[in-house]
>>> print(open('input_28.tsv').read())   # TSV, C-alpha atoms
chain	number	residue	atom	x	y	z
A	142	MET	CA	140.40	226.23	140.08
A	143	GLU	CA	141.74	222.85	141.24
A	144	LYS	CA	144.46	224.57	143.26
A	145	ASN	CA	141.88	226.84	144.89
A	146	CYS	CA	139.77	223.82	146.00
A	147	ARG	CA	142.79	222.09	147.50
A	148	MET	CA	143.75	225.23	149.40
A	149	LYS	CA	140.21	225.51	150.82
A	150	ARG	CA	140.32	221.86	151.97
A	151	ARG	CA	143.72	222.37	153.60
A	152	TRP	CA	142.59	225.51	155.41
A	153	GLY	CA	139.43	223.71	156.51
A	154	ALA	CA	141.50	220.92	158.05
A	155	LEU	CA	143.74	223.41	159.85
A	156	VAL	CA	140.74	225.34	161.19
A	157	ALA	CA	139.18	222.10	162.46
A	158	ALA	CA	142.40	221.22	164.28
A	159	ALA	CA	142.54	224.69	165.85
A	160	VAL	CA	138.92	224.45	167.01
A	161	PHE	CA	139.59	221.09	168.66
A	162	ALA	CA	142.70	222.39	170.38
A	163	GLY	CA	140.84	225.42	171.69
A	164	ALA	CA	137.95	223.33	172.95
A	165	LEU	CA	140.31	221.17	174.98
A	166	SER	CA	142.49	223.96	176.35
A	167	ALA	CA	140.35	224.94	179.34
A	168	GLN	CA	140.73	222.83	182.49
A	169	ASP	CA	137.79	221.28	184.34
A	170	ARG	CA	137.62	221.88	188.07
A	171	PHE	CA	137.56	218.49	189.76
A	172	SER	CA	138.92	217.39	193.12
A	173	GLY	CA	139.89	214.01	191.64
A	174	SER	CA	141.17	212.86	188.29
A	175	VAL	CA	138.72	212.49	185.44
A	176	ALA	CA	141.44	210.79	183.42
A	177	THR	CA	141.45	207.82	185.78
A	178	GLY	CA	137.70	207.75	186.16
A	179	THR	CA	137.95	208.29	189.94
A	180	ALA	CA	136.98	211.93	189.91
A	181	THR	CA	135.01	213.51	192.66
A	182	PRO	CA	133.01	216.18	190.89
A	183	GLY	CA	133.39	219.80	191.90
A	184	PRO	CA	130.61	221.95	193.31
A	185	LEU	CA	127.02	220.83	192.87
A	186	HIS	CA	126.00	224.15	191.35
A	187	LEU	CA	128.19	225.22	188.48
A	188	SER	CA	128.55	228.79	187.43
A	189	LEU	CA	127.20	229.54	183.98
A	190	ALA	CA	130.74	229.92	182.61
A	191	ASP	CA	131.84	226.55	184.02
A	192	ALA	CA	128.74	224.81	182.69
A	193	ILE	CA	129.26	226.29	179.23
A	194	ALA	CA	132.97	225.39	179.20
A	195	ARG	CA	132.35	221.78	180.21
A	196	GLY	CA	129.46	221.38	177.83
A	197	MET	CA	131.34	222.94	174.91
A	198	LYS	CA	134.23	220.52	175.21
A	199	THR	CA	132.12	217.42	175.00
A	200	ASN	CA	129.32	218.69	172.77
A	201	LEU	CA	131.76	220.05	170.21
A	202	GLY	CA	133.31	216.60	169.84
A	203	ALA	CA	129.92	214.96	169.35
A	204	LEU	CA	128.79	217.65	166.92
A	205	ILE	CA	131.92	217.49	164.78
A	206	ALA	CA	131.73	213.68	164.56
A	207	LYS	CA	128.12	213.90	163.39
A	208	ILE	CA	128.76	216.73	160.96
A	209	ASP	CA	131.64	214.77	159.47
A	210	THR	CA	129.28	211.87	158.78
A	211	ALA	CA	126.79	214.13	157.00
A	212	ILE	CA	129.02	216.56	155.10
A	213	VAL	CA	131.31	214.21	153.23
A	214	PRO	CA	128.52	212.63	151.14
A	215	LEU	CA	127.34	216.12	150.23
A	216	ALA	CA	130.81	217.13	149.08
A	217	ALA	CA	131.64	213.81	147.39
A	218	GLN	CA	131.01	214.98	143.83
A	219	ARG	CA	133.25	218.02	144.22
A	220	VAL	CA	135.98	216.01	145.98
A	221	GLY	CA	135.85	213.37	143.24
A	222	ALA	CA	136.23	216.01	140.54
A	223	ASP	CA	139.07	217.72	142.41
A	224	LEU	CA	141.06	214.53	142.97
A	225	GLY	CA	140.04	212.81	139.74
A	226	ILE	CA	138.57	209.74	141.46
A	227	GLY	CA	135.57	207.65	140.50
A	228	VAL	CA	132.37	206.69	142.27
A	229	SER	CA	133.73	203.43	143.70
A	230	VAL	CA	136.61	205.25	145.41
A	231	LEU	CA	134.21	207.93	146.66
A	232	GLN	CA	132.04	205.20	148.16
A	233	TRP	CA	135.06	204.02	150.15
A	234	VAL	CA	135.77	207.62	151.20
A	235	VAL	CA	132.33	207.72	152.81
A	236	ASP	CA	132.31	204.13	154.09
A	237	ALA	CA	135.84	204.01	155.54
A	238	TYR	CA	134.85	206.49	158.25
A	239	ASN	CA	131.52	204.81	159.02
A	240	LEU	CA	132.96	201.29	159.04
A	241	VAL	CA	135.82	202.09	161.42
A	242	TYR	CA	133.62	204.34	163.57
A	243	ALA	CA	130.87	201.74	164.04
A	244	SER	CA	133.34	198.90	164.56
A	245	LEU	CA	135.22	200.59	167.39
A	246	LEU	CA	132.45	202.23	169.44
A	247	LEU	CA	132.14	199.39	171.98
A	248	THR	CA	135.90	198.91	172.18
A	249	ALA	CA	136.32	202.62	172.86
A	250	GLY	CA	133.92	202.38	175.80
A	251	ALA	CA	136.02	199.61	177.32
A	252	LEU	CA	139.21	201.63	176.73
A	253	GLY	CA	137.63	204.58	178.51
A	254	ASP	CA	136.72	202.44	181.50
A	255	ARG	CA	140.25	201.08	181.66
A	256	TYR	CA	142.40	204.15	180.90
A	257	GLY	CA	140.10	207.00	181.88
A	258	HIS	CA	137.31	208.73	180.03
A	259	ARG	CA	138.95	212.11	179.75
A	260	ARG	CA	142.25	210.67	178.52
A	261	VAL	CA	140.53	208.59	175.82
A	262	PHE	CA	138.29	211.54	174.87
A	263	THR	CA	141.33	213.78	174.43
A	264	ALA	CA	143.14	211.11	172.42
A	265	GLY	CA	140.04	210.71	170.24
A	266	ILE	CA	139.88	214.43	169.51
A	267	ALA	CA	143.58	214.47	168.63
A	268	ILE	CA	143.27	211.43	166.36
A	269	PHE	CA	140.18	212.91	164.71
A	270	ALA	CA	142.05	216.17	164.07
A	271	LEU	CA	144.97	214.20	162.62
A	272	GLY	CA	142.60	212.30	160.33
A	273	SER	CA	141.00	215.57	159.21
A	274	LEU	CA	144.42	217.01	158.49
A	275	ILE	CA	145.35	213.94	156.43
A	276	CYS	CA	142.11	214.32	154.48
A	277	GLY	CA	142.73	218.01	153.88
A	278	LEU	CA	146.21	217.33	152.52
A	279	ALA	CA	145.29	214.19	150.56
A	280	PRO	CA	146.66	214.24	147.00
A	281	ASP	CA	144.76	211.11	145.90
A	282	GLY	CA	141.89	208.79	146.76
A	283	ALA	CA	143.93	206.25	148.74
A	284	THR	CA	145.29	208.91	151.10
A	285	LEU	CA	141.81	210.36	151.50
A	286	ILE	CA	140.40	206.94	152.40
A	287	ALA	CA	143.20	206.41	154.94
A	288	GLY	CA	142.54	209.83	156.45
A	289	ARG	CA	138.83	209.07	156.74
A	290	ALA	CA	139.63	205.78	158.50
A	291	VAL	CA	141.90	207.62	160.97
A	292	ALA	CA	139.14	210.18	161.58
A	293	GLY	CA	136.73	207.28	162.21
A	294	VAL	CA	139.05	205.91	164.90
A	295	GLY	CA	139.12	209.33	166.57
A	296	ALA	CA	135.34	209.72	166.40
A	297	ALA	CA	134.84	206.25	167.88
A	298	LEU	CA	137.12	207.15	170.77
A	299	GLU	CA	135.67	210.55	171.55
A	300	LEU	CA	131.93	210.14	171.10
A	301	PRO	CA	131.15	207.62	173.88
A	302	MET	CA	133.68	209.32	176.15
A	303	SER	CA	131.97	212.69	175.74
A	304	LEU	CA	128.85	211.26	177.36
A	305	ALA	CA	130.85	209.60	180.15
A	306	VAL	CA	132.68	212.84	180.91
A	307	LEU	CA	129.35	214.69	181.05
A	308	ALA	CA	127.95	212.19	183.53
A	309	VAL	CA	130.89	212.81	185.87
A	310	ALA	CA	131.05	216.57	185.28
A	311	TYR	CA	127.43	217.19	186.33
A	312	PRO	CA	126.73	215.52	189.68
A	313	ASP	CA	123.36	217.25	190.16
A	314	THR	CA	120.59	215.19	188.54
A	315	ALA	CA	118.78	218.15	186.96
A	316	GLU	CA	121.99	219.68	185.59
A	317	ARG	CA	123.12	216.28	184.26
A	318	ALA	CA	119.77	215.75	182.53
A	319	ARG	CA	120.02	219.17	180.89
A	320	ALA	CA	123.62	218.53	179.80
A	321	ILE	CA	122.77	215.12	178.35
A	322	GLY	CA	119.79	216.66	176.53
A	323	ILE	CA	122.08	219.23	174.93
A	324	TRP	CA	124.59	216.48	174.07
A	325	ALA	CA	121.84	214.43	172.41
A	326	GLY	CA	120.72	217.50	170.47
A	327	CYS	CA	124.24	217.89	169.10
A	328	TYR	CA	124.33	214.28	168.07
>>> encode(input="input_28.tsv", output="structure tokens")
Amino acid sequence: MEKNCRMKRRWGALVAAAVFAGALSAQDRFSGSVATGTATPGPLHLSLADAIARGMKTNLGALIAKIDTAIVPLAAQRVGADLGIGVSVLQWVVDAYNLVYASLLLTAGALGDRYGHRRVFTAGIAIFALGSLICGLAPDGATLIAGRAVAGVGAALELPMSLAVLAVAYPDTAERARAIGIWAGCY
């Protein structure tokens, strides 16, 4: 039974990494560079497919970061039994993510302004996926805590950038308001 739980966690981490990679694979249509923050947005009226593609990239990042905050406490008892760790270590499993995430949110905003929102967003997704993979493969509590901290760094990088990318991607006020409303619903 223990081996079965570990296999499920590992597959879950691999699926999460694949979802992130797929969400970032489509290219946005801009006449400038979103990565440098000097983008000139594309057409004022997006096709439905373009709007969905742009929204999915950013909303998926926000949704996954929020789900990660909520799911781990629910699974803590099972994870503790699987890895043979106590309540104090499980508390750090939950808090490592939240502590790093909350500590780096403002710094991530400054990094996005300096190095480009899209670049920092993509780095955040990649770091979050790496942290999830570390968690999925963790053989003990210390590795799990480290993986959660890495995932917190990724979430802190991608969440504020997802909103900044949306603001640039939707130049029309009504479309931007709708996109930000959907983003807020995911978060």
>>> closest_residue(input="input_28.tsv", among="A:Val294, A:Val306, A:Ala217, A:Ala190", to="Val230 in chain A", atoms="all atoms listed in the file")
A:Ala217
>>> atom_distance(input="input_28.tsv", atom1="CA of Asp281 in chain A", atom2="CA of Glu299 in chain A")
27.2 Å
>>> residues_around(input="input_28.tsv", residues="Ala296 in chain A", least_positions_apart="3", cutoff="10 Å", atoms="all atoms listed in the file", output="count of residues only")
32
>>> atom_distance(input="input_28.tsv", atom1="CA of Asp313 in chain A", atom2="CA of Asp254 in chain A")
21.7 Å
>>> axis_aligned_box(input="input_28.tsv", around="range 257-268 of chain A", padding_each_side="3 Å", output="JSON")
{"center_x": 140.4, "center_y": 210.7, "center_z": 174.1, "size_x": 12.3, "size_y": 13.5, "size_z": 21.5}
>>> atom_distance(input="input_28.tsv", atom1="CA of Gly221 in chain A", atom2="CA of Leu274 in chain A")
17.9 Å
